[in-house]
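Read the structure below first, then the notes.
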Amino acid sequence: MVERDEAGGEPALVQNEGALRFFDTAPEASKIPHRKSLCYDEEAHLNRKKNPPTGDVVTAAEKLGAHLLDEEDYLLLQSVGDFDLKCSCWLATPADVCKLGGAAFGDKRFGRAFIYHNTADCYYASRGYRLKDKLREV
């Protein structure tokens with residue numbers, strides 16, 4: 001996933017509970033131009049009639065052969081550094097929340113990580129997404 005380098009961050013290898021993962025460690029998730037101003041998933045993208053975004057983060061991650069960070073991953077990443085201090089980051093969202101039209105995102109403010117919700121069809125220039133690769137169990 002070369003795109004990480006374009007954002008000024010290096011992939012970081014993180015081990016947690018026996019699993020090794022590469023996490024996207026750009027300082028701000030929204031600094032990669034084609035990773036911002038996207039809604040959450042394809043359904044939200046197709047249903048957005050007024051001012052639709054150019055795409056969605058779930059499809060973009062799939063095209064790259066990667067996965068969005070989920071809430072647990074995001075909190076783990078934030079425990080090893082300070083990321084998304086000026087932007088927010090879409091997170092993999094449980095199916096029951098998506099079914100109701102919602103999606104999760106996170107950021108770091110006031111020295112701690114926060115997880116929030118929004119409708120899946122919203123999008124902002126200051127909201128990006130991060131990817132993870134699960135390498136292997138050790």
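The chains in the structure tokens are called A, B, ... from first to last as shown; in each chain the residues are counted from 1, and the ligands are counted from 1 in the order shown.
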Would you return as number ranges by chain the members of segment 77-130 of chain A that DSSP assigns to strand (DSSP E or B) on this structure's backbone? A: 88-91, 102-109, 112-119, 127-129
Excluding Leu68 of chain A and its own-chain neighbours fewer than 4 positions away, which residues fall within 6 Å of it when counting only C-alpha atoms? Please give them as number ranges by chain. A: 91-92, 130-131
I'd like to know which residues of chain A are alpha helix (DSSP H) (by DSSP, run on the backbone); could you write them as number ranges by chain? A: 3-6, 42-47, 57-63, 71-79, 95-99
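Residues surrounding segment 71-83 of chain A within 9 Å are Val14, Asn16, Phe23, Asp24, Thr25, Ala26, Pro27, Glu28, Ala29, Leu91, Ala92, Thr93, Ala104, Phe105, Gly106, Asp107, Lys108, Gly111, Arg112, Ala113, Phe114, Ile115, Arg130 and Lys132 of chain A [only C-alpha atoms; sequence separation below 6 positions excluded].
Using only C-alpha atoms, the nearest neighbour of Phe22 of chain A within the list A:Ala120, A:Ala66, A:Leu85, A:Ala125 is A:Ala66.
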With distances taken over only C-alpha atoms, the candidate from A:Leu46, A:Leu13, A:Cys39, A:Cys122 nearest Val58 of chain A is A:Cys39
